[in-house]
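Heads up, work39.cif below (mmCIF, C-alpha atoms):
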```cif
data_my_file
#
loop_
_atom_site.group_PDB
_atom_site.id
_atom_site.type_symbol
_atom_site.label_atom_id
_atom_site.label_comp_id
_atom_site.auth_asym_id
_atom_site.auth_seq_id
_atom_site.Cartn_x
_atom_site.Cartn_y
_atom_site.Cartn_z
ATOM 1 C CA MET Q 71 17.352 -2.353 -9.445
ATOM 2 C CA ARG Q 72 17.377 -6.102 -9.992
ATOM 3 C CA TYR Q 73 15.771 -8.332 -7.358
ATOM 4 C CA GLU Q 74 16.286 -12.067 -6.959
ATOM 5 C CA ASN Q 75 14.022 -14.700 -5.484
ATOM 6 C CA ARG Q 76 15.139 -15.020 -1.850
ATOM 7 C CA CYS Q 77 12.751 -17.710 -0.621
ATOM 8 C CA CYS Q 78 15.578 -20.122 0.275
ATOM 9 C CA ASP Q 79 17.370 -17.449 2.298
ATOM 10 C CA VAL Q 80 14.085 -16.503 3.946
ATOM 11 C CA ASP Q 81 13.460 -20.094 4.980
ATOM 12 C CA LYS Q 82 16.906 -20.350 6.581
ATOM 13 C CA LEU Q 83 16.036 -17.352 8.742
ATOM 14 C CA LYS Q 84 12.632 -18.812 9.517
ATOM 15 C CA ALA Q 85 14.248 -22.048 10.673
ATOM 16 C CA GLU Q 86 16.449 -20.033 13.025
ATOM 17 C CA LEU Q 87 13.466 -17.995 14.198
ATOM 18 C CA ASP Q 88 11.491 -21.175 14.906
ATOM 19 C CA LEU Q 89 14.105 -22.185 17.462
ATOM 20 C CA TYR Q 90 12.830 -19.354 19.664
ATOM 21 C CA ARG Q 91 9.194 -20.390 19.388
ATOM 22 C CA PRO Q 92 6.846 -20.354 21.123
ATOM 23 C CA PHE Q 93 7.382 -16.681 21.947
ATOM 24 C CA ASP Q 94 6.501 -15.579 25.464
ATOM 25 C CA SER Q 95 3.694 -13.052 25.980
ATOM 26 C CA ASN Q 96 6.062 -10.103 26.416
ATOM 27 C CA THR Q 97 7.864 -10.869 23.152
ATOM 28 C CA LEU Q 98 4.576 -11.204 21.281
ATOM 29 C CA LYS Q 99 3.330 -7.896 22.670
ATOM 30 C CA GLN Q 100 6.579 -6.072 21.912
ATOM 31 C CA LEU Q 101 6.688 -7.389 18.345
ATOM 32 C CA LYS Q 102 3.089 -6.444 17.674
ATOM 33 C CA GLU Q 103 3.506 -2.896 18.936
ATOM 34 C CA TYR Q 104 6.855 -2.365 17.215
ATOM 35 C CA TYR Q 105 5.464 -3.347 13.828
ATOM 36 C CA ARG Q 106 2.238 -1.419 14.377
ATOM 37 C CA ILE Q 107 4.225 1.809 14.133
ATOM 38 C CA SER Q 108 6.679 0.659 11.492
ATOM 39 C CA LEU Q 109 4.059 -0.787 9.144
ATOM 40 C CA THR Q 110 1.645 2.121 9.604
ATOM 41 C CA TYR Q 111 4.371 4.653 8.871
ATOM 42 C CA THR Q 112 5.866 2.904 5.821
ATOM 43 C CA SER Q 113 2.600 1.797 4.245
ATOM 44 C CA ASN Q 114 1.119 5.273 4.511
ATOM 45 C CA ALA Q 115 4.358 6.898 3.335
ATOM 46 C CA ILE Q 116 4.309 4.809 0.144
ATOM 47 C CA GLU Q 117 0.954 6.423 -0.645
ATOM 48 C CA GLY Q 118 2.251 9.966 -0.062
ATOM 49 C CA ASN Q 119 1.500 10.489 3.626
ATOM 50 C CA THR Q 120 4.129 12.889 5.000
ATOM 51 C CA LEU Q 121 4.014 11.883 8.670
ATOM 52 C CA THR Q 122 7.390 10.756 9.994
ATOM 53 C CA GLU Q 123 7.777 7.532 11.935
ATOM 54 C CA SER Q 124 8.126 9.517 15.174
ATOM 55 C CA GLU Q 125 4.983 11.515 14.423
ATOM 56 C CA THR Q 126 3.114 8.320 13.623
ATOM 57 C CA LYS Q 127 4.175 6.894 16.980
ATOM 58 C CA VAL Q 128 2.981 9.994 18.875
ATOM 59 C CA ILE Q 129 -0.412 9.916 17.145
ATOM 60 C CA ILE Q 130 -1.025 6.209 17.711
ATOM 61 C CA GLU Q 131 0.515 5.647 21.123
ATOM 62 C CA ASP Q 132 -0.110 8.994 22.793
ATOM 63 C CA GLY Q 133 -3.236 10.142 20.967
ATOM 64 C CA ILE Q 134 -1.659 13.529 20.295
ATOM 65 C CA THR Q 135 -2.440 15.388 17.072
ATOM 66 C CA VAL Q 136 0.663 16.569 15.224
ATOM 67 C CA GLY Q 137 0.545 20.083 13.807
ATOM 68 C CA GLY Q 138 1.437 20.986 10.231
ATOM 69 C CA HIS Q 139 -0.235 17.959 8.622
ATOM 70 C CA PRO Q 140 -3.611 17.575 6.907
ATOM 71 C CA ILE Q 141 -6.315 15.929 9.051
ATOM 72 C CA ARG Q 142 -6.507 13.136 6.483
ATOM 73 C CA GLU Q 143 -2.920 12.081 7.244
ATOM 74 C CA ILE Q 144 -3.752 11.830 10.950
ATOM 75 C CA GLN Q 145 -6.849 9.806 10.115
ATOM 76 C CA GLU Q 146 -4.806 7.476 7.909
ATOM 77 C CA ALA Q 147 -2.459 6.699 10.793
ATOM 78 C CA ILE Q 148 -5.299 6.040 13.258
ATOM 79 C CA GLY Q 149 -7.299 4.005 10.756
ATOM 80 C CA HIS Q 150 -4.332 1.877 9.736
ATOM 81 C CA SER Q 151 -3.603 1.100 13.388
ATOM 82 C CA LYS Q 152 -7.188 -0.120 13.882
ATOM 83 C CA ALA Q 153 -6.996 -2.278 10.755
ATOM 84 C CA TYR Q 154 -3.661 -3.683 11.959
ATOM 85 C CA ASP Q 155 -5.375 -4.970 15.116
ATOM 86 C CA LEU Q 156 -7.924 -6.794 12.973
ATOM 87 C CA ILE Q 157 -5.124 -8.590 11.127
ATOM 88 C CA TYR Q 158 -3.943 -10.116 14.390
ATOM 89 C CA SER Q 159 -7.455 -11.191 15.312
ATOM 90 C CA LEU Q 160 -7.759 -13.017 11.966
ATOM 91 C CA ILE Q 161 -4.555 -15.051 12.260
ATOM 92 C CA GLN Q 162 -6.332 -18.038 13.811
ATOM 93 C CA ASN Q 163 -9.139 -18.033 11.242
ATOM 94 C CA LYS Q 164 -9.012 -20.892 8.775
ATOM 95 C CA GLU Q 165 -10.183 -18.835 5.812
ATOM 96 C CA LEU Q 166 -10.032 -15.248 4.635
ATOM 97 C CA THR Q 167 -13.521 -14.082 3.731
ATOM 98 C CA GLU Q 168 -14.994 -11.227 1.733
ATOM 99 C CA ALA Q 169 -16.507 -9.910 4.978
ATOM 100 C CA ASN Q 170 -13.013 -9.818 6.553
ATOM 101 C CA ILE Q 171 -11.670 -7.720 3.680
ATOM 102 C CA LEU Q 172 -14.577 -5.285 3.745
ATOM 103 C CA GLU Q 173 -14.258 -4.900 7.519
ATOM 104 C CA LEU Q 174 -10.527 -4.273 7.189
ATOM 105 C CA HIS Q 175 -11.072 -1.518 4.649
ATOM 106 C CA LYS Q 176 -13.855 -0.005 6.739
ATOM 107 C CA LEU Q 177 -11.632 0.211 9.815
ATOM 108 C CA PHE Q 178 -8.893 1.902 7.841
ATOM 109 C CA TYR Q 179 -11.093 4.233 5.781
ATOM 110 C CA GLU Q 180 -14.147 5.080 7.894
ATOM 111 C CA GLN Q 181 -12.753 8.355 9.289
ATOM 112 C CA ILE Q 182 -11.566 9.452 5.858
ATOM 113 C CA SER Q 183 -14.653 8.716 3.762
ATOM 114 C CA PRO Q 184 -17.524 7.024 5.657
ATOM 115 C CA GLU Q 185 -19.625 6.628 2.519
ATOM 116 C CA SER Q 186 -16.887 4.613 0.760
ATOM 117 C CA ALA Q 187 -15.450 2.688 3.728
ATOM 118 C CA GLY Q 188 -15.909 -1.062 3.485
ATOM 119 C CA LYS Q 189 -17.643 -0.836 0.111
ATOM 120 C CA TYR Q 190 -16.473 -1.810 -3.341
ATOM 121 C CA ARG Q 191 -16.069 1.111 -5.699
ATOM 122 C CA ASP Q 192 -18.945 1.982 -8.016
ATOM 123 C CA LYS Q 193 -16.862 4.138 -10.370
ATOM 124 C CA LYS Q 194 -14.179 3.531 -12.948
ATOM 125 C CA VAL Q 195 -10.684 4.587 -11.894
ATOM 126 C CA ILE Q 196 -7.300 5.162 -13.498
ATOM 127 C CA ILE Q 197 -3.913 4.574 -11.896
ATOM 128 C CA THR Q 198 -1.387 7.300 -12.583
ATOM 129 C CA GLY Q 199 1.987 6.322 -13.987
ATOM 130 C CA THR Q 200 0.848 3.137 -15.718
ATOM 131 C CA THR Q 201 -1.168 1.999 -18.710
ATOM 132 C CA TYR Q 202 -2.847 -0.710 -16.633
ATOM 133 C CA GLU Q 203 -6.624 -0.291 -16.471
ATOM 134 C CA PRO Q 204 -8.413 -1.768 -13.438
ATOM 135 C CA PRO Q 205 -11.615 -3.694 -14.137
ATOM 136 C CA ALA Q 206 -14.994 -1.985 -14.360
ATOM 137 C CA PRO Q 207 -17.020 -1.667 -11.141
ATOM 138 C CA ASP Q 208 -19.583 -4.270 -12.157
ATOM 139 C CA LYS Q 209 -16.817 -6.888 -12.420
ATOM 140 C CA ILE Q 210 -15.344 -6.364 -8.954
ATOM 141 C CA ARG Q 211 -17.540 -8.575 -6.775
ATOM 142 C CA GLY Q 212 -17.175 -11.516 -9.156
ATOM 143 C CA LEU Q 213 -13.401 -11.067 -9.405
ATOM 144 C CA MET Q 214 -13.059 -10.844 -5.626
ATOM 145 C CA GLN Q 215 -15.079 -14.005 -5.142
ATOM 146 C CA GLU Q 216 -12.961 -15.713 -7.796
ATOM 147 C CA LEU Q 217 -9.772 -14.576 -6.035
ATOM 148 C CA LEU Q 218 -10.949 -15.851 -2.659
ATOM 149 C CA GLY Q 219 -12.012 -19.131 -4.269
ATOM 150 C CA GLN Q 220 -8.442 -19.677 -5.525
ATOM 151 C CA LEU Q 221 -6.737 -19.157 -2.167
ATOM 152 C CA SER Q 222 -6.774 -22.734 -0.923
ATOM 153 C CA LYS Q 223 -5.360 -24.104 -4.185
ATOM 154 C CA LYS Q 224 -2.677 -21.439 -4.532
ATOM 155 C CA GLU Q 225 -1.641 -21.778 -0.899
ATOM 156 C CA LYS Q 226 -0.838 -25.443 -1.554
ATOM 157 C CA GLU Q 227 0.947 -24.772 -4.846
ATOM 158 C CA LEU Q 228 3.174 -21.833 -3.911
ATOM 159 C CA HIS Q 229 5.853 -21.109 -1.349
ATOM 160 C CA PRO Q 230 4.232 -18.992 1.418
ATOM 161 C CA VAL Q 231 6.157 -15.884 0.388
ATOM 162 C CA GLU Q 232 5.211 -16.347 -3.267
ATOM 163 C CA PHE Q 233 1.617 -17.011 -2.208
ATOM 164 C CA ALA Q 234 1.550 -13.712 -0.298
ATOM 165 C CA ALA Q 235 3.016 -11.884 -3.311
ATOM 166 C CA TRP Q 236 0.531 -13.544 -5.672
ATOM 167 C CA PHE Q 237 -2.393 -12.455 -3.515
ATOM 168 C CA HIS Q 238 -1.032 -8.913 -3.207
ATOM 169 C CA LEU Q 239 -0.687 -8.602 -6.971
ATOM 170 C CA LYS Q 240 -4.138 -10.010 -7.751
ATOM 171 C CA PHE Q 241 -5.803 -7.825 -5.132
ATOM 172 C CA VAL Q 242 -4.294 -4.519 -6.252
ATOM 173 C CA SER Q 243 -4.960 -5.442 -9.880
ATOM 174 C CA ILE Q 244 -8.673 -5.833 -9.119
ATOM 175 C CA HIS Q 245 -8.426 -2.484 -7.284
ATOM 176 C CA PRO Q 246 -11.720 -3.113 -5.510
ATOM 177 C CA PHE Q 247 -11.936 0.149 -3.543
ATOM 178 C CA ILE Q 248 -12.021 3.779 -4.588
ATOM 179 C CA ASP Q 249 -8.971 4.371 -2.362
ATOM 180 C CA GLY Q 250 -6.839 2.460 0.125
ATOM 181 C CA ASN Q 251 -6.180 -0.552 -2.112
ATOM 182 C CA GLY Q 252 -2.414 -0.625 -1.601
ATOM 183 C CA ARG Q 253 -2.621 -0.333 2.165
ATOM 184 C CA THR Q 254 -5.347 -2.975 2.364
ATOM 185 C CA ALA Q 255 -3.258 -5.254 0.152
ATOM 186 C CA ARG Q 256 -0.179 -4.815 2.344
ATOM 187 C CA LEU Q 257 -2.179 -5.575 5.495
ATOM 188 C CA LEU Q 258 -3.640 -8.722 3.924
ATOM 189 C CA THR Q 259 -0.208 -9.753 2.629
ATOM 190 C CA ASN Q 260 1.036 -9.527 6.197
ATOM 191 C CA LEU Q 261 -1.882 -11.599 7.434
ATOM 192 C CA ILE Q 262 -0.834 -14.362 5.033
ATOM 193 C CA LEU Q 263 2.809 -14.140 6.121
ATOM 194 C CA LEU Q 264 2.012 -14.095 9.848
ATOM 195 C CA LYS Q 265 -0.271 -17.125 9.504
ATOM 196 C CA ALA Q 266 2.630 -18.978 7.864
ATOM 197 C CA GLY Q 267 5.090 -18.019 10.618
ATOM 198 C CA TYR Q 268 6.979 -15.278 8.785
ATOM 199 C CA ALA Q 269 7.699 -11.692 9.810
ATOM 200 C CA VAL Q 270 5.644 -8.596 9.139
ATOM 201 C CA ILE Q 271 6.882 -7.300 5.798
ATOM 202 C CA ILE Q 272 8.027 -3.695 5.703
ATOM 203 C CA ILE Q 273 8.408 -1.923 2.343
ATOM 204 C CA PRO Q 274 10.429 1.211 3.145
ATOM 205 C CA PRO Q 275 9.614 4.434 1.271
ATOM 206 C CA VAL Q 276 13.152 4.455 -0.163
ATOM 207 C CA VAL Q 277 12.211 1.521 -2.443
ATOM 208 C CA ARG Q 278 8.785 2.923 -3.360
ATOM 209 C CA ALA Q 279 9.818 3.391 -7.011
ATOM 210 C CA ASP Q 280 11.051 -0.209 -7.228
ATOM 211 C CA TYR Q 281 7.803 -1.446 -5.686
ATOM 212 C CA ILE Q 282 5.707 0.480 -8.207
ATOM 213 C CA GLU Q 283 7.879 -0.623 -11.123
ATOM 214 C CA ALA Q 284 7.620 -4.271 -10.068
ATOM 215 C CA LEU Q 285 3.833 -3.955 -9.898
ATOM 216 C CA LYS Q 286 3.768 -2.248 -13.275
ATOM 217 C CA ALA Q 287 5.908 -4.989 -14.838
ATOM 218 C CA ALA Q 288 3.542 -7.639 -13.511
ATOM 219 C CA GLN Q 289 0.394 -5.830 -14.623
ATOM 220 C CA THR Q 290 1.436 -4.551 -18.044
ATOM 221 C CA LYS Q 291 4.200 -6.931 -19.139
ATOM 222 C CA HIS Q 292 2.914 -10.114 -17.453
ATOM 223 C CA ASN Q 293 6.205 -10.350 -15.572
ATOM 224 C CA GLU Q 294 4.807 -11.601 -12.278
ATOM 225 C CA GLN Q 295 8.173 -13.012 -11.270
ATOM 226 C CA ALA Q 296 9.595 -9.491 -10.988
ATOM 227 C CA PHE Q 297 7.019 -8.693 -8.333
ATOM 228 C CA PHE Q 298 7.495 -12.036 -6.554
ATOM 229 C CA ASN Q 299 11.239 -11.393 -6.436
ATOM 230 C CA PHE Q 300 10.744 -7.908 -5.026
ATOM 231 C CA ILE Q 301 8.430 -9.135 -2.274
ATOM 232 C CA SER Q 302 10.754 -12.020 -1.371
ATOM 233 C CA GLU Q 303 13.637 -9.565 -0.891
ATOM 234 C CA MET Q 304 11.471 -7.347 1.287
ATOM 235 C CA VAL Q 305 10.509 -10.389 3.367
ATOM 236 C CA LEU Q 306 14.181 -11.358 3.682
ATOM 237 C CA GLU Q 307 15.131 -7.951 5.055
ATOM 238 C CA SER Q 308 12.124 -7.963 7.377
ATOM 239 C CA MET Q 309 13.014 -11.433 8.651
ATOM 240 C CA LYS Q 310 16.519 -10.238 9.522
ATOM 241 C CA ASP Q 311 15.067 -7.385 11.554
ATOM 242 C CA TYR Q 312 12.432 -9.618 13.138
ATOM 243 C CA LEU Q 313 15.036 -12.173 14.207
ATOM 244 C CA ARG Q 314 17.249 -9.424 15.632
ATOM 245 C CA ILE Q 315 14.398 -8.158 17.794
ATOM 246 C CA VAL Q 316 13.401 -11.645 18.962
ATOM 247 C CA LYS Q 317 16.982 -12.424 19.987
ATOM 248 C CA HIS Q 318 17.172 -9.177 21.926
ATOM 249 C CA LEU Q 319 13.878 -9.785 23.715
ATOM 250 C CA MET Q 320 14.457 -13.446 24.528
ATOM 251 C CA LYS Q 321 18.150 -13.602 25.353
#
```
Full structure transcribed into C-alpha cells:
Amino acid sequence: MRYENRCCDVDKLKAELDLYRPFDSNTLKQLKEYYRISLTYTSNAIEGNTLTESETKVIIEDGITVGGHPIREIQEAIGHSKAYDLIYSLIQNKELTEANILELHKLFYEQISPESAGKYRDKKVIITGTTYEPPAPDKIRGLMQELLGQLSKKEKELHPVEFAAWFHLKFVSIHPFIDGNGRTARLLTNLILLKAGYAVIIIPPVVRADYIEALKAAQTKHNEQAFFNFISEMVLESMKDYLRIVKHLMK
C-alpha cells in the first residue's frame, strides 16, 4: 500500500481542533481514558497480544482477569496502562530524558520481567522478518545519549509529525531493550505528538504489515520517507477521530 505525506491535511484538522481549546476538564478526562484503552489494545496487538479491545477495557478499568489468555498478555495490558499515565505526566516537561525513558519501560515491563525492566539490554538480538541488525549492547547507551542530544535540533527542523516519526524510527533502530521496544517507541511518539497539540496516534492491527514494511524500508533501504509518510497517514486518521470525539463532548 502506498502512503503519502499528509502533514498539510493534519494541520488543517489541528487548526479546527484548536478552535475548541482549551478543553474543559471533562473533555480532557474522557479523551485520556478513551485513548488509554484504544492505544493499549492496538499497541499490544501489533506485537501479537491476542486480547480484544473489550477484554483490554475489562482488565484495565474493572481489574478483572480474562480467562483463556496467557498471564503475560494480562500483564502487558496493565503495564502499558501504567506507562500511558507517565506519558501524560511528562507532557509539561521541557525535555525528554534518559531517566524518563527507562522509567517508562520499567512501568510497562516490570510485571513481565523484573530483571530486564527499565534496563538497556546486555545481549545481542535479531529481529525476525528483516535483515536489519540492531547495534551491539555496548553501543546502546552512547546511541541513546546521541539520540536525546539531537532532539532539540530536530524538533526545530522538522514538522511535528515528521519529528515524531523520526524519533520513533531512530529509537526502534537502536532497539535499546531486550523486549518492549515497539510499545515504548509508540508511547514516546505519542508524548511528542501530545506536547505539540496533536492527537494520540493509533496504529490499528489491520495495518500491522504496512507498519513493519515501512520500518523495514527505512532501516534496510534508507527510505525514511516511507516511514514518515506512513506515520503521517496514521496521525491524519487519528486526528479525524480525535476531532469527532471533541465535537461530541463539547457541543
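Proximity of Q:Gln100, Q:Ser124, Q:Ser243, Q:Asn260 to Leu285 of chain Q, computed with all atoms listed in the file, is greatest for Q:Ser243.
The interatomic distance for the pair atom CA of Leu172 of chain Q and atom CA of Arg191 of chain Q works out to 11.5 Å.
Between atom CA of Ala147 of chain Q and atom CA of Ile182 of chain Q there is a distance of 10.7 Å.
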Evaluate the PyMOL selection byres ((chain Q and resi 190) around 6) against this structure - the residues, as JSON, numbers by chain, please. {"Q": [189, 191, 246, 247]}
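Residues matched by the PyMOL selection byres ((chain Q and resi 215) around 12) in this structure: Leu166, Thr167, Glu168, Ala169, Ile171, Lys209, Ile210, Arg211, Gly212, Leu213, Met214, Glu216, Leu217, Leu218, Gly219, Gln220, Leu221, Lys240, Phe241, Ile244 and Pro246 of chain Q.
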Padding 5 Å on each side, edges along x, y and z: where is the centre of the box around the listed atoms of segment 235-254 of chain Q, and how long are its edges in Å to one decimal? Output it as AutoDock Vina command-line options.
```
--center_x -4.5 --center_y -4.6 --center_z -3.8 --size_x 25.0 --size_y 27.9 --size_z 22.2
```
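Atom to atom, atom CA of Tyr73 of chain Q and atom CA of Glu103 of chain Q stand 29.5 Å apart.
Picked by the PyMOL selection byres ((chain Q and resi 319) around 12) from the coordinates shown: Tyr90, Phe93, Asp94, Ser95, Asn96, Thr97, Leu98, Lys99, Gln100, Leu101, Tyr312, Leu313, Arg314, Ile315, Val316, Lys317, His318, Met320 and Lys321 of chain Q.
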If you count only C-alpha atoms, which residues fall within 7 Å of Thr254 of chain Q, apart from same-chain ones fewer than 4 positions away, as an MDAnalysis selection string? chainID Q and resid 175 250 258
Assuming the input is short of atoms at segment 145-174 of chain Q, produce N, CA and C atoms for that part as a PDB file, keeping the file's coordinate frame.
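Listing of result.pdb after writing:
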```
ATOM      1  N   GLN Q 145      -5.817  10.838  10.196  1.00  0.00           N
ATOM      2  CA  GLN Q 145      -6.849   9.806  10.115  1.00  0.00           C
ATOM      3  C   GLN Q 145      -6.303   8.517   9.493  1.00  0.00           C
ATOM      4  N   GLU Q 146      -5.403   8.659   8.531  1.00  0.00           N
ATOM      5  CA  GLU Q 146      -4.806   7.476   7.909  1.00  0.00           C
ATOM      6  C   GLU Q 146      -3.975   6.680   8.916  1.00  0.00           C
ATOM      7  N   ALA Q 147      -3.263   7.383   9.771  1.00  0.00           N
ATOM      8  CA  ALA Q 147      -2.459   6.699  10.793  1.00  0.00           C
ATOM      9  C   ALA Q 147      -3.355   5.974  11.789  1.00  0.00           C
ATOM     10  N   ILE Q 148      -4.386   6.647  12.272  1.00  0.00           N
ATOM     11  CA  ILE Q 148      -5.299   6.040  13.258  1.00  0.00           C
ATOM     12  C   ILE Q 148      -6.053   4.874  12.646  1.00  0.00           C
ATOM     13  N   GLY Q 149      -6.550   5.067  11.422  1.00  0.00           N
ATOM     14  CA  GLY Q 149      -7.299   4.005  10.756  1.00  0.00           C
ATOM     15  C   GLY Q 149      -6.453   2.787  10.465  1.00  0.00           C
ATOM     16  N   HIS Q 150      -5.216   3.009  10.030  1.00  0.00           N
ATOM     17  CA  HIS Q 150      -4.332   1.877   9.736  1.00  0.00           C
ATOM     18  C   HIS Q 150      -4.040   1.081  11.007  1.00  0.00           C
ATOM     19  N   SER Q 151      -3.861   1.778  12.118  1.00  0.00           N
ATOM     20  CA  SER Q 151      -3.603   1.100  13.388  1.00  0.00           C
ATOM     21  C   SER Q 151      -4.777   0.206  13.787  1.00  0.00           C
ATOM     22  N   LYS Q 152      -5.998   0.686  13.579  1.00  0.00           N
ATOM     23  CA  LYS Q 152      -7.188  -0.120  13.882  1.00  0.00           C
ATOM     24  C   LYS Q 152      -7.256  -1.357  12.975  1.00  0.00           C
ATOM     25  N   ALA Q 153      -6.967  -1.160  11.695  1.00  0.00           N
ATOM     26  CA  ALA Q 153      -6.996  -2.278  10.755  1.00  0.00           C
ATOM     27  C   ALA Q 153      -5.903  -3.294  11.083  1.00  0.00           C
ATOM     28  N   TYR Q 154      -4.777  -2.815  11.547  1.00  0.00           N
ATOM     29  CA  TYR Q 154      -3.661  -3.683  11.959  1.00  0.00           C
ATOM     30  C   TYR Q 154      -4.099  -4.625  13.078  1.00  0.00           C
ATOM     31  N   ASP Q 155      -4.874  -4.118  14.035  1.00  0.00           N
ATOM     32  CA  ASP Q 155      -5.375  -4.970  15.116  1.00  0.00           C
ATOM     33  C   ASP Q 155      -6.255  -6.080  14.572  1.00  0.00           C
ATOM     34  N   LEU Q 156      -7.057  -5.767  13.555  1.00  0.00           N
ATOM     35  CA  LEU Q 156      -7.924  -6.794  12.973  1.00  0.00           C
ATOM     36  C   LEU Q 156      -7.100  -7.918  12.360  1.00  0.00           C
ATOM     37  N   ILE Q 157      -5.989  -7.568  11.724  1.00  0.00           N
ATOM     38  CA  ILE Q 157      -5.124  -8.590  11.127  1.00  0.00           C
ATOM     39  C   ILE Q 157      -4.735  -9.638  12.168  1.00  0.00           C
ATOM     40  N   TYR Q 158      -4.358  -9.179  13.343  1.00  0.00           N
ATOM     41  CA  TYR Q 158      -3.943 -10.116  14.390  1.00  0.00           C
ATOM     42  C   TYR Q 158      -5.101 -10.968  14.884  1.00  0.00           C
ATOM     43  N   SER Q 159      -6.298 -10.413  14.875  1.00  0.00           N
ATOM     44  CA  SER Q 159      -7.455 -11.191  15.312  1.00  0.00           C
ATOM     45  C   SER Q 159      -7.854 -12.247  14.284  1.00  0.00           C
ATOM     46  N   LEU Q 160      -7.397 -12.081  13.038  1.00  0.00           N
ATOM     47  CA  LEU Q 160      -7.759 -13.017  11.966  1.00  0.00           C
ATOM     48  C   LEU Q 160      -6.742 -14.144  11.777  1.00  0.00           C
ATOM     49  N   ILE Q 161      -5.622 -14.075  12.476  1.00  0.00           N
ATOM     50  CA  ILE Q 161      -4.555 -15.051  12.260  1.00  0.00           C
ATOM     51  C   ILE Q 161      -5.031 -16.483  12.486  1.00  0.00           C
ATOM     52  N   GLN Q 162      -5.879 -16.683  13.488  1.00  0.00           N
ATOM     53  CA  GLN Q 162      -6.332 -18.038  13.811  1.00  0.00           C
ATOM     54  C   GLN Q 162      -7.467 -18.526  12.919  1.00  0.00           C
ATOM     55  N   ASN Q 163      -8.043 -17.633  12.125  1.00  0.00           N
ATOM     56  CA  ASN Q 163      -9.139 -18.033  11.242  1.00  0.00           C
ATOM     57  C   ASN Q 163      -8.632 -18.950  10.137  1.00  0.00           C
ATOM     58  N   LYS Q 164      -9.413 -19.943   9.805  1.00  0.00           N
ATOM     59  CA  LYS Q 164      -9.012 -20.892   8.775  1.00  0.00           C
ATOM     60  C   LYS Q 164      -9.024 -20.253   7.394  1.00  0.00           C
ATOM     61  N   GLU Q 165     -10.027 -19.415   7.138  1.00  0.00           N
ATOM     62  CA  GLU Q 165     -10.183 -18.835   5.812  1.00  0.00           C
ATOM     63  C   GLU Q 165     -10.284 -17.319   5.883  1.00  0.00           C
ATOM     64  N   LEU Q 166      -9.831 -16.678   4.817  1.00  0.00           N
ATOM     65  CA  LEU Q 166     -10.032 -15.248   4.635  1.00  0.00           C
ATOM     66  C   LEU Q 166     -11.321 -15.067   3.857  1.00  0.00           C
ATOM     67  N   THR Q 167     -12.225 -14.259   4.372  1.00  0.00           N
ATOM     68  CA  THR Q 167     -13.521 -14.082   3.731  1.00  0.00           C
ATOM     69  C   THR Q 167     -13.672 -12.681   3.148  1.00  0.00           C
ATOM     70  N   GLU Q 168     -14.673 -12.535   2.293  1.00  0.00           N
ATOM     71  CA  GLU Q 168     -14.994 -11.227   1.733  1.00  0.00           C
ATOM     72  C   GLU Q 168     -15.371 -10.261   2.847  1.00  0.00           C
ATOM     73  N   ALA Q 169     -16.104 -10.747   3.845  1.00  0.00           N
ATOM     74  CA  ALA Q 169     -16.507  -9.910   4.978  1.00  0.00           C
ATOM     75  C   ALA Q 169     -15.285  -9.394   5.741  1.00  0.00           C
ATOM     76  N   ASN Q 170     -14.247 -10.235   5.881  1.00  0.00           N
ATOM     77  CA  ASN Q 170     -13.013  -9.818   6.553  1.00  0.00           C
ATOM     78  C   ASN Q 170     -12.366  -8.648   5.814  1.00  0.00           C
ATOM     79  N   ILE Q 171     -12.318  -8.752   4.494  1.00  0.00           N
ATOM     80  CA  ILE Q 171     -11.670  -7.720   3.680  1.00  0.00           C
ATOM     81  C   ILE Q 171     -12.441  -6.408   3.757  1.00  0.00           C
ATOM     82  N   LEU Q 172     -13.758  -6.493   3.673  1.00  0.00           N
ATOM     83  CA  LEU Q 172     -14.577  -5.285   3.745  1.00  0.00           C
ATOM     84  C   LEU Q 172     -14.471  -4.630   5.115  1.00  0.00           C
ATOM     85  N   GLU Q 173     -14.409  -5.447   6.169  1.00  0.00           N
ATOM     86  CA  GLU Q 173     -14.258  -4.900   7.519  1.00  0.00           C
ATOM     87  C   GLU Q 173     -12.901  -4.226   7.677  1.00  0.00           C
ATOM     88  N   LEU Q 174     -11.875  -4.839   7.121  1.00  0.00           N
ATOM     89  CA  LEU Q 174     -10.527  -4.273   7.189  1.00  0.00           C
ATOM     90  C   LEU Q 174     -10.492  -2.893   6.536  1.00  0.00           C
TER      91      LEU Q 174
END
```
